[in-house]
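To be precise, the following lines are data_22.csv, and they hold CSV, C-alpha atoms.
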chain,number,residue,atom,x,y,z
A,262,MET,CA,-15.8,13.0,21.0
A,263,ASP,CA,-18.4,11.3,23.3
A,264,LEU,CA,-18.5,8.2,21.0
A,265,LEU,CA,-14.8,7.5,21.4
A,266,ASN,CA,-14.8,8.1,25.2
A,267,THR,CA,-17.7,5.6,25.5
A,268,LEU,CA,-15.9,3.0,23.3
A,269,VAL,CA,-12.7,3.3,25.3
A,270,ASP,CA,-14.6,2.8,28.6
A,271,LYS,CA,-16.4,-0.2,27.2
A,272,GLY,CA,-13.1,-1.7,25.8
A,273,LEU,CA,-11.4,-1.4,29.1
A,274,ARG,CA,-14.4,-3.3,30.7
A,275,ARG,CA,-14.6,-5.8,27.8
A,276,GLU,CA,-18.1,-4.6,27.2
A,277,LEU,CA,-19.7,-5.1,23.8
A,278,PRO,CA,-20.3,-1.8,21.8
A,279,THR,CA,-23.7,-1.4,20.1
A,280,ARG,CA,-23.9,-2.0,16.4
A,281,GLU,CA,-24.6,1.7,16.0
A,282,GLU,CA,-21.4,2.6,17.8
A,283,ALA,CA,-19.4,0.2,15.6
A,284,LEU,CA,-20.9,1.6,12.5
A,285,ALA,CA,-20.2,5.1,13.7
A,286,VAL,CA,-16.5,4.3,13.9
A,287,LEU,CA,-16.5,3.3,10.2
A,288,ALA,CA,-18.3,6.5,9.4
A,289,THR,CA,-15.9,8.9,11.1
A,290,SER,CA,-14.2,11.4,8.9
A,291,ASP,CA,-10.5,11.6,7.9
A,292,ASP,CA,-10.3,14.7,10.1
A,293,ASP,CA,-11.2,12.6,13.1
A,294,LEU,CA,-8.9,9.7,12.1
A,295,LEU,CA,-6.1,10.3,14.6
A,296,ASP,CA,-8.6,10.7,17.4
A,297,VAL,CA,-10.0,7.3,16.5
A,298,VAL,CA,-6.6,5.7,16.4
A,299,THR,CA,-5.7,7.3,19.8
A,300,ALA,CA,-8.9,6.0,21.4
A,301,ALA,CA,-8.5,2.4,20.1
A,302,GLY,CA,-4.8,2.6,21.0
A,303,LYS,CA,-5.7,3.1,24.6
A,304,VAL,CA,-7.7,-0.2,24.6
A,305,ARG,CA,-4.9,-2.0,22.7
A,306,ARG,CA,-2.2,-0.8,25.2
A,307,HIS,CA,-4.4,-1.7,28.2
A,308,TRP,CA,-4.6,-5.3,27.2
A,309,PHE,CA,-1.3,-5.8,25.3
A,310,GLY,CA,1.0,-3.0,26.2
A,311,ARG,CA,3.4,-2.1,23.4
A,312,ARG,CA,4.2,-5.7,22.4
A,313,VAL,CA,3.9,-6.9,18.8
A,314,LYS,CA,3.6,-10.6,18.2
A,315,LEU,CA,5.3,-11.9,15.0
A,316,ASN,CA,3.8,-14.7,13.0
A,317,TYR,CA,5.3,-16.5,10.0
A,318,LEU,CA,3.4,-18.3,7.2
A,319,VAL,CA,4.6,-21.5,5.6
A,320,ASN,CA,2.6,-22.5,2.5
A,321,LEU,CA,2.7,-26.3,2.6
A,322,LYS,CA,0.8,-26.8,-0.6
A,323,SER,CA,0.2,-23.9,-3.1
A,324,GLY,CA,-2.6,-23.6,-5.7
A,325,LEU,CA,-4.5,-26.6,-7.0
A,326,CYS,CA,-7.6,-25.8,-4.9
A,327,PRO,CA,-11.1,-27.2,-5.9
A,328,GLU,CA,-13.0,-24.4,-4.1
A,329,ASP,CA,-14.3,-21.3,-5.9
A,330,CYS,CA,-13.7,-18.6,-3.3
A,331,SER,CA,-13.7,-15.4,-5.4
A,332,TYR,CA,-11.0,-13.6,-3.4
A,333,CYS,CA,-8.5,-16.4,-3.9
A,334,SER,CA,-5.4,-16.6,-6.1
A,335,GLN,CA,-5.4,-20.4,-5.6
A,336,ARG,CA,-9.1,-20.9,-6.4
A,337,LEU,CA,-10.6,-23.2,-9.0
A,338,GLY,CA,-10.2,-21.5,-12.3
A,339,SER,CA,-7.7,-18.9,-11.1
A,340,LYS,CA,-5.5,-17.4,-13.8
A,341,ALA,CA,-3.1,-15.8,-11.3
A,342,ASP,CA,0.5,-16.6,-12.1
A,343,ILE,CA,1.3,-18.0,-8.6
A,344,LEU,CA,3.6,-20.8,-7.5
A,345,LYS,CA,2.0,-24.2,-7.7
A,346,TYR,CA,3.4,-27.2,-5.9
A,347,THR,CA,2.2,-30.2,-3.8
A,348,TRP,CA,3.0,-31.0,-0.2
A,349,LEU,CA,6.3,-29.9,1.2
A,350,LYS,CA,8.1,-32.6,3.1
A,351,PRO,CA,8.3,-32.2,6.9
A,352,ASP,CA,12.0,-31.3,6.8
A,353,GLU,CA,11.4,-28.7,4.0
A,354,ALA,CA,8.6,-27.1,6.0
A,355,SER,CA,10.8,-27.1,9.1
A,356,GLN,CA,13.6,-25.4,7.3
A,357,ALA,CA,11.1,-22.8,6.0
A,358,ALA,CA,9.8,-22.2,9.5
A,359,ALA,CA,13.3,-21.8,10.9
A,360,ALA,CA,13.8,-18.7,8.7
A,361,GLY,CA,10.8,-17.0,10.3
A,362,LEU,CA,11.7,-18.0,13.8
A,363,ALA,CA,15.2,-16.6,13.3
A,364,GLY,CA,13.6,-13.3,12.4
A,365,GLY,CA,11.7,-13.1,15.7
A,366,ALA,CA,8.4,-15.0,15.0
A,367,LYS,CA,7.0,-16.9,17.9
A,368,ARG,CA,4.1,-18.6,15.9
A,369,VAL,CA,4.4,-20.6,12.7
A,370,CYS,CA,1.2,-20.9,10.6
A,371,LEU,CA,1.1,-24.0,8.4
A,372,VAL,CA,-1.3,-23.5,5.6
A,373,ALA,CA,-2.4,-25.7,2.7
A,374,SER,CA,-4.8,-25.0,-0.1
A,375,GLY,CA,-7.8,-27.2,-0.6
A,376,ARG,CA,-11.4,-27.9,0.7
A,377,GLY,CA,-10.1,-29.7,3.7
A,378,PRO,CA,-7.5,-32.3,4.7
A,379,THR,CA,-7.8,-36.0,4.2
A,380,ASP,CA,-6.7,-38.3,7.0
A,381,ARG,CA,-3.4,-38.8,5.1
A,382,ASP,CA,-3.0,-35.0,4.9
A,383,VAL,CA,-3.5,-34.8,8.7
A,384,ASP,CA,-0.7,-37.4,9.1
A,385,ARG,CA,1.6,-35.3,6.9
A,386,VAL,CA,0.9,-32.1,8.8
A,387,SER,CA,1.3,-33.9,12.1
A,388,GLU,CA,4.8,-35.1,11.1
A,389,THR,CA,5.6,-31.5,10.1
A,390,ILE,CA,4.4,-30.1,13.4
A,391,LYS,CA,6.6,-32.7,15.2
A,392,ALA,CA,9.6,-31.8,13.0
A,393,ILE,CA,9.2,-28.1,13.8
A,394,LYS,CA,8.8,-28.6,17.5
A,395,GLU,CA,11.8,-30.9,17.7
A,396,GLN,CA,13.9,-28.0,16.5
A,397,ASN,CA,12.0,-25.2,18.4
A,398,GLU,CA,10.3,-26.6,21.5
A,399,ASP,CA,8.6,-23.3,22.5
A,400,VAL,CA,7.2,-22.3,19.1
A,401,GLU,CA,3.5,-22.0,18.7
A,402,VAL,CA,2.1,-23.9,15.7
A,403,CYS,CA,-1.1,-23.0,14.0
A,404,ALA,CA,-2.6,-25.2,11.3
A,405,CYS,CA,-4.9,-23.9,8.5
A,406,LEU,CA,-6.0,-26.7,6.3
A,407,GLY,CA,-9.6,-25.9,5.5
A,408,LEU,CA,-12.8,-27.7,6.6
A,409,LEU,CA,-12.2,-30.3,9.3
A,410,SER,CA,-13.9,-33.7,9.6
A,411,ASP,CA,-14.7,-35.3,12.9
A,412,GLY,CA,-11.7,-36.2,14.9
A,413,GLN,CA,-9.1,-34.3,12.8
A,414,ALA,CA,-8.8,-31.4,15.2
A,415,GLU,CA,-8.1,-33.9,18.0
A,416,ARG,CA,-5.4,-35.5,16.0
A,417,LEU,CA,-3.7,-32.2,15.2
A,418,ARG,CA,-3.8,-31.3,18.9
A,419,ALA,CA,-2.2,-34.6,19.8
A,420,ALA,CA,0.5,-34.0,17.3
A,421,GLY,CA,1.4,-30.7,19.1
A,422,ALA,CA,-0.7,-28.1,17.2
A,423,ASP,CA,-1.5,-25.1,19.4
A,424,ALA,CA,-4.1,-23.4,17.2
A,425,TYR,CA,-6.3,-23.7,14.2
A,426,ASN,CA,-7.1,-20.9,11.7
A,427,HIS,CA,-10.4,-20.8,9.8
A,428,ASN,CA,-11.7,-17.3,8.8
A,429,LEU,CA,-15.3,-16.3,8.5
A,430,ASN,CA,-14.2,-13.7,5.9
A,431,THR,CA,-17.4,-11.8,5.5
A,432,SER,CA,-21.0,-11.6,6.8
A,433,GLU,CA,-23.3,-14.6,6.7
A,434,SER,CA,-25.8,-12.7,4.5
A,435,THR,CA,-23.2,-12.1,1.7
A,436,TYR,CA,-21.1,-15.3,2.1
A,437,GLY,CA,-22.9,-17.0,-0.9
A,438,ASP,CA,-21.7,-14.1,-3.1
A,439,ILE,CA,-18.1,-15.0,-2.7
A,440,THR,CA,-18.2,-18.8,-2.4
A,441,THR,CA,-20.5,-21.5,-3.7
A,442,THR,CA,-18.6,-24.7,-3.0
A,443,HIS,CA,-19.0,-24.6,0.8
A,444,THR,CA,-21.1,-22.6,3.2
A,445,TYR,CA,-20.7,-20.1,6.0
A,446,ALA,CA,-22.1,-22.7,8.4
A,447,ASP,CA,-19.3,-25.1,7.3
A,448,ARG,CA,-16.8,-22.6,8.4
A,449,VAL,CA,-18.4,-22.0,11.8
A,450,ASP,CA,-18.6,-25.8,12.3
A,451,THR,CA,-14.8,-26.1,11.7
A,452,VAL,CA,-13.9,-23.5,14.3
A,453,ARG,CA,-16.2,-25.1,16.8
A,454,LYS,CA,-14.4,-28.4,16.1
A,455,ALA,CA,-11.1,-26.7,16.8
A,456,HIS,CA,-12.5,-25.2,20.1
A,457,ALA,CA,-13.8,-28.5,21.2
A,458,ALA,CA,-10.5,-30.2,20.6
A,459,GLY,CA,-8.7,-27.7,22.9
A,460,LEU,CA,-7.0,-25.8,20.1
A,461,SER,CA,-6.7,-22.0,20.3
A,462,ALA,CA,-9.1,-20.7,17.7
A,463,CYS,CA,-8.0,-18.1,15.1
A,464,SER,CA,-10.6,-16.6,12.8
A,465,GLY,CA,-11.0,-13.3,11.1
A,466,LEU,CA,-12.1,-11.4,8.0
A,467,ILE,CA,-11.2,-10.0,4.6
A,468,ALA,CA,-12.0,-6.3,4.0
A,469,GLY,CA,-12.1,-4.7,0.6
A,470,MET,CA,-14.3,-7.2,-1.2
A,471,GLY,CA,-17.0,-4.6,-2.0
A,472,GLU,CA,-18.8,-5.2,1.3
A,473,SER,CA,-20.8,-2.5,3.1
A,474,ASP,CA,-20.1,-1.1,6.6
A,475,GLU,CA,-23.0,-3.3,7.8
A,476,ASP,CA,-21.3,-6.4,6.5
A,477,LEU,CA,-18.1,-5.5,8.3
A,478,VAL,CA,-19.9,-5.0,11.5
A,479,ASP,CA,-21.9,-8.2,11.1
A,480,VAL,CA,-18.8,-10.4,10.6
A,481,VAL,CA,-16.9,-8.8,13.5
A,482,PHE,CA,-19.9,-9.2,15.8
A,483,SER,CA,-20.2,-12.8,14.7
A,484,LEU,CA,-16.5,-13.3,15.5
A,485,ARG,CA,-17.0,-11.8,19.0
A,486,GLU,CA,-19.8,-14.3,19.6
A,487,LEU,CA,-17.7,-17.1,18.4
A,488,ASP,CA,-14.8,-16.1,20.7
A,489,PRO,CA,-11.5,-16.7,18.9
A,490,ASP,CA,-8.3,-16.0,20.6
A,491,SER,CA,-6.9,-14.2,17.6
A,492,VAL,CA,-8.6,-12.2,14.8
A,493,PRO,CA,-6.6,-11.7,11.6
A,494,VAL,CA,-7.8,-8.8,9.6
A,495,ASN,CA,-6.9,-9.3,5.9
A,496,PHE,CA,-7.2,-6.6,3.3
A,497,LEU,CA,-8.1,-7.9,-0.2
A,498,ILE,CA,-5.1,-8.4,-2.5
A,499,PRO,CA,-6.6,-8.0,-6.0
A,500,PHE,CA,-4.7,-10.5,-7.9
A,501,GLU,CA,-4.9,-10.4,-11.7
A,502,GLY,CA,-6.6,-13.6,-12.9
A,503,THR,CA,-9.1,-13.6,-10.0
A,504,PRO,CA,-12.7,-12.4,-10.2
A,505,LEU,CA,-12.0,-9.3,-8.1
A,506,ALA,CA,-8.8,-8.2,-9.8
A,507,LYS,CA,-10.4,-4.7,-10.3
A,508,GLU,CA,-11.7,-4.3,-6.8
A,509,TRP,CA,-9.8,-1.5,-5.2
A,510,ASN,CA,-12.2,-0.2,-2.5
A,511,LEU,CA,-9.7,0.5,0.3
A,512,THR,CA,-7.7,3.6,1.4
A,513,PRO,CA,-5.2,3.6,4.2
A,514,GLN,CA,-7.7,5.7,6.3
A,515,ARG,CA,-10.4,3.1,5.8
A,516,CYS,CA,-8.1,0.3,6.8
A,517,LEU,CA,-7.3,2.1,10.0
A,518,ARG,CA,-11.0,2.7,10.8
A,519,ILE,CA,-11.7,-1.0,10.2
A,520,LEU,CA,-8.9,-2.1,12.5
A,521,ALA,CA,-10.1,0.4,15.2
A,522,MET,CA,-13.6,-1.0,15.0
A,523,VAL,CA,-12.3,-4.6,15.4
A,524,ARG,CA,-10.3,-3.5,18.4
A,525,PHE,CA,-13.3,-1.9,20.1
A,526,VAL,CA,-15.5,-4.9,19.4
A,527,CYS,CA,-12.8,-7.4,20.4
A,528,PRO,CA,-10.8,-5.5,22.9
A,529,ASP,CA,-8.8,-8.3,24.6
A,530,VAL,CA,-8.0,-10.7,21.7
A,531,GLU,CA,-5.0,-10.8,19.5
A,532,VAL,CA,-5.8,-8.6,16.5
A,533,ARG,CA,-3.5,-9.4,13.7
A,534,ILE,CA,-2.8,-7.3,10.6
A,535,ALA,CA,-2.6,-10.0,7.9
A,536,GLY,CA,-2.5,-10.1,4.1
A,537,GLY,CA,-2.6,-6.8,2.2
A,538,ARG,CA,-1.3,-4.4,4.8
A,539,GLU,CA,1.6,-3.4,2.5
A,540,VAL,CA,-0.7,-2.9,-0.5
A,541,HIS,CA,-3.4,-0.8,1.3
A,542,LEU,CA,-1.9,0.7,4.5
A,543,ARG,CA,1.4,1.5,2.8
A,544,SER,CA,3.2,4.3,4.7
A,545,MET,CA,0.4,4.3,7.4
A,546,GLN,CA,1.5,0.8,8.6
A,547,PRO,CA,3.1,2.2,11.8
A,548,LEU,CA,-0.2,3.8,12.9
A,549,ALA,CA,-1.9,0.4,12.6
A,550,LEU,CA,0.4,-1.0,15.3
A,551,HIS,CA,-1.5,1.2,17.7
A,552,LEU,CA,-4.6,-0.8,16.9
A,553,ALA,CA,-3.3,-4.4,16.3
A,554,ASN,CA,-0.9,-6.3,18.4
A,555,SER,CA,0.2,-8.9,15.9
A,556,ILE,CA,1.5,-9.0,12.3
A,557,PHE,CA,2.9,-11.5,9.8
A,558,LEU,CA,6.6,-11.3,9.2
A,559,GLY,CA,7.9,-11.3,5.7
A,560,ASP,CA,6.0,-12.9,2.8
A,561,TYR,CA,2.5,-14.3,2.6
A,562,LEU,CA,1.1,-17.4,0.9
A,563,THR,CA,1.2,-16.4,-2.7
A,564,SER,CA,2.3,-12.7,-2.5
A,565,GLU,CA,5.4,-10.9,-1.3
A,566,GLY,CA,5.3,-8.9,1.9
A,567,GLN,CA,7.5,-6.2,3.2
A,568,ALA,CA,11.1,-7.2,3.9
A,569,GLY,CA,11.4,-8.8,7.4
A,570,LYS,CA,14.1,-6.4,8.3
A,571,ALA,CA,11.8,-3.5,7.4
A,572,ASP,CA,9.1,-4.9,9.6
A,573,LEU,CA,11.4,-5.1,12.6
A,574,GLU,CA,12.6,-1.5,12.0
A,575,MET,CA,9.1,-0.3,11.7
A,576,ILE,CA,8.1,-1.8,15.0
A,577,ALA,CA,11.1,-0.3,16.7
A,578,ASP,CA,10.7,3.1,15.1
A,579,ALA,CA,7.1,3.3,16.1
A,580,GLY,CA,8.1,2.7,19.8
A,581,PHE,CA,6.9,-0.9,20.1
A,582,GLU,CA,8.7,-4.0,20.9
A,583,VAL,CA,8.7,-7.6,19.6
A,584,GLU,CA,7.0,-10.0,21.9
A,585,GLY,CA,9.4,-12.6,23.2
A,586,ALA,CA,9.0,-16.3,23.0
A,587,GLY,CA,8.6,-16.6,26.7
A,588,GLU,CA,5.8,-14.0,26.9
A,589,VAL,CA,2.1,-14.9,27.0
A,590,THR,CA,0.3,-13.0,24.3
A,591,LEU,CA,-3.2,-12.9,25.8
A,592,PRO,CA,-4.3,-11.2,29.0
A,593,GLU,CA,-4.4,-13.3,32.1
A,594,HIS,CA,-8.1,-13.9,32.0
A,595,ARG,CA,-7.8,-15.5,28.6
A,596,ALA,CA,-4.4,-17.1,28.8
A,597,ASP,CA,-4.1,-20.9,29.1
A,598,ALA,CA,-1.5,-21.5,31.7
A,599,ALA,CA,-0.4,-24.8,30.2
A,600,HIS,CA,-0.2,-23.5,26.7
A,601,GLY,CA,0.3,-19.8,26.5
A,602,CYS,CA,-2.0,-19.5,23.4
A,603,GLY,CA,-5.2,-18.7,25.1
A,604,SER,CA,-8.2,-20.3,26.7
A,605,HIS,CA,-11.8,-20.7,25.7
A,606,ALA,CA,-13.3,-21.1,29.1
A,607,LYS,CA,-13.8,-17.5,29.9
A,608,ALA,CA,-15.4,-14.5,28.3
A,609,GLY,CA,-13.6,-14.2,25.1
A,610,CYS,CA,-13.6,-11.6,22.4
A,611,GLY,CA,-15.1,-9.4,25.1
A,612,SER,CA,-17.3,-10.5,27.9
A,613,GLN,CA,-19.3,-13.2,26.2
A,614,ALA,CA,-18.4,-16.9,26.5
A,615,GLU,CA,-19.9,-18.5,23.6
A,616,ALA,CA,-18.9,-20.5,20.5
A,617,GLY,CA,-16.1,-21.0,18.1
A,618,CYS,CA,-15.1,-19.4,14.8
A,619,GLY,CA,-14.3,-20.6,11.4
A,620,SER,CA,-12.9,-20.7,7.9
A,621,HIS,CA,-10.2,-21.4,5.5
A,622,ALA,CA,-8.4,-18.1,5.5
A,623,GLY,CA,-8.6,-15.0,3.6
A,624,ALA,CA,-6.2,-12.8,1.9
A,625,ASP,CA,-3.1,-14.8,2.7
A,626,CYS,CA,-3.8,-15.9,6.2
A,627,GLY,CA,-5.2,-19.3,5.5
A,628,SER,CA,-5.7,-21.6,2.5
A,629,HIS,CA,-6.6,-18.8,0.2
A,630,ALA,CA,-5.5,-15.3,-0.8
A,631,GLY,CA,-7.2,-13.1,-3.3
A,632,GLY,CA,-10.4,-11.3,-4.0
A,633,GLY,CA,-14.2,-11.5,-4.0
A,634,VAL,CA,-17.3,-9.2,-4.1
A,635,CYS,CA,-19.7,-9.2,-1.3
A,636,GLY,CA,-22.0,-6.2,-1.4
A,637,THR,CA,-22.1,-2.5,-2.1
A,638,ALA,CA,-18.8,-0.8,-1.6
A,639,SER,CA,-19.0,1.9,1.1
A,640,VAL,CA,-16.0,3.8,-0.4
A,641,PRO,CA,-16.3,5.0,-4.0
A,642,ALA,CA,-13.7,3.5,-6.3
A,643,SER,CA,-12.5,7.0,-7.1
A,644,ALA,CA,-11.5,7.5,-3.4
A,645,ALA,CA,-8.9,4.8,-3.6
A,646,GLU,CA,-5.8,5.1,-5.8
A,647,PRO,CA,-5.1,1.6,-7.0
A,648,ARG,CA,-1.5,0.6,-6.4
A,649,THR,CA,-1.3,-2.5,-8.6
A,650,ASP,CA,2.5,-2.2,-8.6
A,651,LEU,CA,2.4,-3.3,-4.9
A,652,VAL,CA,0.8,-6.7,-5.7
A,653,ALA,CA,3.8,-8.9,-6.2
A,654,VAL,CA,3.5,-12.7,-6.6
A,655,ARG,CA,5.8,-14.6,-4.3
A,656,ARG,CA,8.8,-16.2,-6.1
A,657,ARG,CA,11.0,-17.1,-3.1
A,658,GLY,CA,10.8,-19.3,0.0
A,659,ALA,CA,8.7,-22.4,0.3
A,660,GLY,CA,8.3,-24.2,-3.0
A,661,THR,CA,11.4,-22.6,-4.5
A,662,ASP,CA,15.2,-22.8,-4.3
A,663,LEU,CA,15.5,-19.2,-3.1
A,664,ALA,CA,15.9,-18.0,0.4
A,665,PRO,CA,12.6,-16.9,2.1
A,666,ASN,CA,11.9,-13.4,3.2
A,667,ALA,CA,12.0,-13.2,6.9
Could I get this structure in the form of structure tokens?
Amino acid sequence: MDLLNTLVDKGLRRELPTREEALAVLATSDDDLLDVVTAAGKVRRHWFGRRVKLNYLVNLKSGLCPEDCSYCSQRLGSKADILKYTWLKPDEASQAAAAGLAGGAKRVCLVASGRGPTDRDVDRVSETIKAIKEQNEDVEVCACLGLLSDGQAERLRAAGADAYNHNLNTSESTYGDITTTHTYADRVDTVRKAHAAGLSACSGLIAGMGESDEDLVDVVFSLRELDPDSVPVNFLIPFEGTPLAKEWNLTPQRCLRILAMVRFVCPDVEVRIAGGREVHLRSMQPLALHLANSIFLGDYLTSEGQAGKADLEMIADAGFEVEGAGEVTLPEHRADAAHGCGSHAKAGCGSQAEAGCGSHAGADCGSHAGGGVCGTASVPASAAEPRTDLVAVRRRGAGTDLAPNA
């Protein structure tokens, strides 16, 4: 297929595809799916080999959020029966992180629901970062606390944070359909603050909220321009009690096409399969490893994930290997020699060198996790068989007395 050969060549050169080419990937048929995966897999292996980076989420504060993000189980007015608790103490968070690190994770993502942190909250998280790094000197720590005020990113960086997550989630044109309590521009501003402070930027999207193919391409092109080091791709988890509990617009095949499109547009960044992979990719998860080079290990913020042991077996069975703590994730031209998380000085999510990223965080990779409608669904509801039985609320780990899943 000429399209795929062209996209592979561009990906190896870090050259931006056209919008038409990105849309064409999403429009490919199921008959061509393995060809699409194979092509995007060549780009993934060129930049990242067969390594899979493991990340581990710690939900520092669950529920109780004043924002109205439609996709979120922690949103204002949510009826989802999730765990609700206030801030974990630094030693509690450190213990939770230790479980993920013991399972092979090299990055810990510290997440808290809310619009954004107060200065006291930044102090809390700073103490938590220090507690984690005292026990695990080489661990990467990413904070995801919502919208940042001036100076807060610098304080997190000084405390030892390596990265900051804030997702764009969806296209700018449809952002107002999923959230009214803050703006798309607020999210972009936060990621730019993280960039300016020297933090590695992590920003991605949520698929399955009823968006069109054009919306998906818009948000991924925006991410490329904003140049994050990592792009988490979340698949909507339709929680009962949220506005989009009935939104089941994804099939495993569509999820793979979305991941392939992201890889072609952002060839040399860490593409992470985040919330919802178990619900929507299901038995096709191993194929997704040929597209993404990073996953979350174990449970998410408010939902349960695949067992950590099963994740490790899946990686091995698919012929991949867990990335070691001493290995640098990003290609040399992006890697920050002092930090190992990535740099912002050079051409980022491709060959451009501009901007930041930004957002809370979508379906379980950030301060929210749930569902929201954006536009007109490209896949008819009848094409997807809802697997509501796979949406399981987290009842273990942080905020409970039960051992975490790692």
Hey, can you pull every residue with an atom no more than 12 Å from (-4.0, 0.1, 26.5), using all atoms listed in the file, and send it as number ranges by chain?
-> A: 269-270, 272-274, 298-312, 524-525, 528-529, 551-554, 592
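You will find CA of Gly569 in chain A at 14.6 Å from CA of Ile534 in chain A.
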Minimum-distance residue to His443 in chain A, chosen among A:Ala458, A:Leu344, A:Cys330, A:Leu477 (using all atoms listed in the file) =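 Nearest candidate to His443 in chain A out of A:Ala458, A:Leu344, A:Cys330, A:Leu477: A:Cys330.
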Quick one: of A:Gly364, A:Leu294, A:Pro665, A:Ser410, who's nearest to Cys516 in chain A, counting all atoms listed in the file?
->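 Closest to Cys516 in chain A, using all atoms listed in the file: A:Leu294.
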Counting all atoms listed in the file, figure out which residue out of A:Ala568, A:Val532, A:Leu651, A:Val540 gets nearest to Asn666 in chain A.
->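 Once distances to Asn666 in chain A are computed over all atoms listed in the file, the minimum belongs to A:Ala568.
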Rank A:Ala366, A:Leu417, A:Ala359, A:Leu315 by their smallest atom-to-atom distance to Leu550 in chain A, using all atoms listed in the file, and report the top residue only.
->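 Nearest candidate to Leu550 in chain A out of A:Ala366, A:Leu417, A:Ala359, A:Leu315: A:Leu315.
Proximity to Tyr436 in chain A was assessed for A:Ser331, A:Asn510, A:Asn397, A:Ser555 counting only C-alpha atoms; the smallest distance is recorded for A:Ser331.
Between CA of Ala468 in chain A and CA of Leu517 in chain A lies a distance of 11.3 Å.
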Compare A:His456, A:Arg416, A:His427, A:Lys314 by their minimum atom-to-atom distance to Ile576 in chain A, counting all atoms listed in the file, and give me the closest one.
->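 Ranked by minimum distance to Ile576 in chain A, first place goes to A:Lys314.
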To one decimal place, how far is CA of Thr451 in chain A from CA of Gly407 in chain A in Å?
-> 8.1 Å
Any idea what's packed within 8 Å of range 319-327 of chain A, counting only C-alpha atoms, ignoring anything in its chain fewer than 2 positions away? Could you give it as a VMD selection string?
-> chain A and resid 317 329 334 to 337 343 to 349 354 357 to 358 369 to 376 562 to 563 659
Skipping near chain neighbours, those fewer than 2 positions away, what residues fall within 10 Å of Pro547 in chain A using only C-alpha atoms, listed as a PyMOL selection string?
-> chain A and resi 542-545+549-552+572+575-581
Non-local contacts of Asn316 in chain A (10 Å; only C-alpha atoms; under 6 positions in same chain excluded) as a PyMOL selection string = chain A and resi 361-362+364-370+401-403+533+535+555-559
For Leu466 in chain A, work out the shell of residues within 8 Å, counting all atoms listed in the file and skipping chain neighbours fewer than 5 positions away, then give it as a PDB file with C-alpha atoms, in the coordinates of the input.
ATOM      1  CA  ASN A 428     -11.700 -17.300   8.800  1.00  0.00           C
ATOM      2  CA  LEU A 429     -15.300 -16.300   8.500  1.00  0.00           C
ATOM      3  CA  ASN A 430     -14.200 -13.700   5.900  1.00  0.00           C
ATOM      4  CA  THR A 431     -17.400 -11.800   5.500  1.00  0.00           C
ATOM      5  CA  VAL A 480     -18.800 -10.400  10.600  1.00  0.00           C
ATOM      6  CA  VAL A 481     -16.900  -8.800  13.500  1.00  0.00           C
ATOM      7  CA  VAL A 492      -8.600 -12.200  14.800  1.00  0.00           C
ATOM      8  CA  PRO A 493      -6.600 -11.700  11.600  1.00  0.00           C
ATOM      9  CA  VAL A 494      -7.800  -8.800   9.600  1.00  0.00           C
ATOM     10  CA  ASN A 495      -6.900  -9.300   5.900  1.00  0.00           C
ATOM     11  CA  GLY A 623      -8.600 -15.000   3.600  1.00  0.00           C
TER      12      GLY A 623
END
